[in-house]
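Shown next, in structure tokens, is the structure this report addresses.
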Amino acid sequence: MHDDRTLVEARLRRVLDERIRPAVYPESVPLQVAVWHAPGEPVPVAEGLAAPVEPIAVGARWGAPWGTSWFRVTGTVPVAWAGRTVEALLDLGFDENMPGFQCEGLVYRPDGTPVKGLNPRNQWVRIGSPAEGGEQVELCIEAASNPVILDYHPFRPTQLGDKETAGAEPQYRLERMDLAVFDETVWQLVLDLEVLGELMAELPVDSARRSEILRAVDRALDAVDLQDVNGTAERARSQLTGVLAAPAAPSAHRISAVGHAHIDSAWLWPLRETVRKVARTTSNMTALIEDEPEFVFAMSQAQQWAWVKEHRPEVWARVKKAVAEGRFVPAGGMWVESDTNMPGSEAMARQFVHGKRFFLDEFGIENDEAWLPDTFGFAAGLPQIIKAAGSKWLLTQKISWSQTNKFPHHTFLWEGIDGTRIFTHFPPVDTYNCSMKGSEIAHAARNFKDKGVARHSLAPTGWGDGGGGTTREMIAKAARLRDLEGSATVVWETPEKFFEKAEREYAHPPVWVGELYLELHRATLTSQARTKQGNRRSEHLLREAELWAATAAVRSGFRYPAEDLDRIWKTVLLHQFHDILPGSSIAWVHREARATYERIAGELNGIIEAAQRTLAGEGSVPLVFNAAPHSRSGVPAGGAGEPAVGGEVSLTARSDGGFVLHNGLLRTEIDARGLVVSVYDLRAERETVAPGCAANLLQLHPDFPNMWDAWDVDAFYRNSVTDLVEADEVGPGEDGVSVRVVRSFGDSRVTQVLSLAPGERRLEIDTEVDWHETEKFLKLAFPLDVHAERYASETQFGHFHRPTHTNTSWEAAKFEACNHRFVHLEEPGWGVAVVNDSTYGHDVTRTVRDTDSGTTTTVRASLLRAPRFPDPETDQGVHRFRHALTPGATIGDAVCEGWRINLPERRVDGERAVEPLVTVAQDAVVVTAVKLADDGSGDVVVRFHESRGGRTEATLTAGFEVAAVVPTDLLERPLGDAPAPHREGGRITLRLRPFELVTLRLKRA
């Protein structure tokens, strides 16, 4: 039997490849082809259609990197083909192994009507079914010659990732431009044999079902005349009817197939190309929906929908029609499929605000699911954000990529930092590009970890990244798998239908508490530092712009720039996409991101300055505007006033070289090497720096991961380290009360200024790095004399704890992790915070000292990397970072210090102090947004949360007359089941649970 099986499988492969598949198109005639190469960036459709063309022959090379060529193909259907199905076969030079990562095309009628996209697995355009014979054919193709960047292994540095360096060498060769007869019977035979052959390969060798299929396939191949496949295809199909009709077992695993085309909003192509990728794919999917009555397609990322609406109105009309029919489904309810580790609290909330609002405004549809199949891990603060947005489910697939530990569930409840639980599904098919192969379907059934208590899973089905989405072949396979013995069953369903079924059948799923950490792609927390800094600074500028503009609008009639803020928010949210903010895109993407962040900063600073000038009035009184959520310098949070006089700082020389900084609260010693050897907390009478160690220590590691250069850092990078202890200069800073340190290493140079804040327990470190290393990793280390088995890391609307030990493989795998503005370690009664203004990646390690059996806990901030793929010049040039070390810090101090370093005071001369629009009389409660309502009503919206992980009572006081207080969701809609908080005039009292997130709408009288 084993020999028979092997022979049949080998026979099936050869007959399919060499005889049956070629017979799908038994006759063909060439089309005439002409072309116009657009001279620069893509042109409007009307211009491309009207452009003059010149003849081009099949076999000719075409397409400079990132170019656009408009092909015009013409021909006549032979009269002899009347009554038969005719298709155009248009092969631009595709590599069928890489759908989505090469040239693509969108086919138009001469009048500008879009037809469908062209992709490696989708090269046909239907001409007639049946054809009349003699028809004149004319089609236009907008073809993008996107270069192949991804050459999986080894990754090779390439200049093709930016049009400024890519050159003009043609990338492709025109392969085929024909009219052909399409034999649907042969095509159906191909699908019959593929499904059965793939199923047979997955069944146990000695199973009766496998033997049954084997014999049927053998008979079908016997029935095929290899010299007349088209004439004998029906006879061959008849031999397979019985095995294809055998129903699945009642206990079979059940798969909800969702048509899908995961399109990265930027990655190995720029944003402008994603606009066209989406147009091609949506054209394909709307055409497929018209042909296939059971097919359902879901598309996430409201930004991509908005691009279609703005740039391709003719495609948008077809999309709207399909949405109205319930066949083309908005999914996810987010502006983009963002990274969720690094976006700040408000930004993560606004992803849902803008995403859900777009689908509500355009279609009246609200998403209950978050759809993030490819995001690189999930922050522990996300569940309550999903809930606060009015959603209740989450789908992702990426956690299956973890390299060390296999996640124990596929369907479960995910619990976040505040106790919110979200029903979550990881598709066991382990891909978001399912193609309905038998191996994929069998893997989903075998792999599903919740057998016995659940039986449903989801399969996102279709080629992604411009690969064209779902194909007619996938739909044909799914039809055969609807109820087939030996296989899981497959049915097309919306995400909503799947989640309803899954939730109904699994009443008590297991619970996972805390972050969903991806044990891979850890370096995305550091790669492309300028992009990360642009994001962090844009988030805080948006906070300032909304706060001061709202305050000025209520107090002084200032025009609240709602449209500008809406547009800027959407731009920032777009750049939080999971291949932009993580730093894993080509050079072009990050070059444009830098320019975009610079433009945004200019706009937001203009809004801030105009609002502050309105509030301060004309005058010469020096005022400090404090946008942080805590008072400082004698100025209340959200207000402006004359600054309080600070303390003094002294700088003296050390006897053995270096300097001592002293401000009455901290005494900091910096040795002759420019390293911090002591930070003594005078109030607590204890040392911060571990004995025998030095802080502010720059450490350089080799950084050459096994794969995924910009994405990964592997644990072995720690095996080699160079401590940068040699200094070119150590001397007083320009102000005379700081220390300036200059170091050189490799081809790079670092300049640091170390200072104590007057009247504060805070050592500030400003670092400038002129970085010219390759495949290196730069860290900034703080070895601390703290015995801590865990540390706190800020995330959205709170913080959570990670262990400092590596007791298990789960803990050991988290050797690089994400924080926002601070990490905090403490022993009972005393702690230390390390805060930053723009870095995310870090590591914390715990070692036992030989000298006194004490414990050293080392916090290291990740500053810079230098991967060469996909951007060979990643992060070359000058970078500036700000960090601060705060001894004696409570978790509340860490929160305050994190905000302080990210929201510097602004000094404005004016005539009057500015009272806050809203104040909160409880430091544990952090206000993350003060703004005017998005609906233009003039209501003031305030969002805040408990920040320390405990219960608290807070009184919020409005600095204006309040007519009513309405608790809302993130979209500023009333929460029907939420009781109104206690109010006395403008004083509102609330009790908050640990990390509870609250949004209030204050209606103005």
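Please note that chains go A, B, ... in the order of the structure tokens, that every chain numbers its residues from 1, and that ligands are numbered from 1 in the order shown.
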| Which polymer residues have any atom within 10 Å of an atom of Val86 (chain A), counting only C-alpha atoms, with same-chain residues fewer than 2 positions away left out, as number ranges by chain? | A: 25, 27-28, 77-78, 81-84, 88-89, 124-133, 179-183
| message | So that I can see what lies close to Arg327 (chain A), please list as a list in words the residues with an atom at most 6 Å from it, counting only C-alpha atoms and leaving out residues fewer than 3 positions away in the same chain. | response |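 Selected residues are Val296, Ala322 and Val323 of chain A.
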Output C-alpha atoms for every residue in the selection just made, as a PDB file, in the first residue's frame.
```pdb
ATOM      1  CA  VAL A 296     -17.567  37.352   2.365  1.00  0.00           C
ATOM      2  CA  ALA A 322     -20.793  45.507  -1.591  1.00  0.00           C
ATOM      3  CA  VAL A 323     -20.860  46.840   1.984  1.00  0.00           C
TER       4      VAL A 323
END
```
| Skipping near chain neighbours, those fewer than 3 positions away, what residues fall within 9 Å of Gly733 (chain A) using only C-alpha atoms, listed as a ChimeraX atom specification? | /A:736-741,753-755
Keeping only C-alpha atoms, take the residues you just selected and write them out as a PDB file, in the first residue's frame.
```
ATOM      1  CA  GLY A 736      28.842  76.027  35.148  1.00  0.00           C
ATOM      2  CA  VAL A 737      26.715  73.669  37.267  1.00  0.00           C
ATOM      3  CA  SER A 738      26.590  70.639  34.994  1.00  0.00           C
ATOM      4  CA  VAL A 739      29.122  68.149  33.671  1.00  0.00           C
ATOM      5  CA  ARG A 740      29.882  67.648  29.994  1.00  0.00           C
ATOM      6  CA  VAL A 741      31.291  64.314  28.818  1.00  0.00           C
ATOM      7  CA  VAL A 753      25.449  66.738  29.772  1.00  0.00           C
ATOM      8  CA  LEU A 754      24.699  65.608  33.335  1.00  0.00           C
ATOM      9  CA  SER A 755      22.871  67.947  35.691  1.00  0.00           C
TER      10      SER A 755
END
```
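The coordinates place CA of Leu700 (chain A) at 14.8 Å from CA of Asp714 (chain A).
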| task | Among the residues of region 471-653 of chain A, find those DSSP assigns to strand (DSSP E) from the backbone and print them as a PyMOL selection string. | result | chain A and resi 489-492+511-513+621-626+639-641+650-653
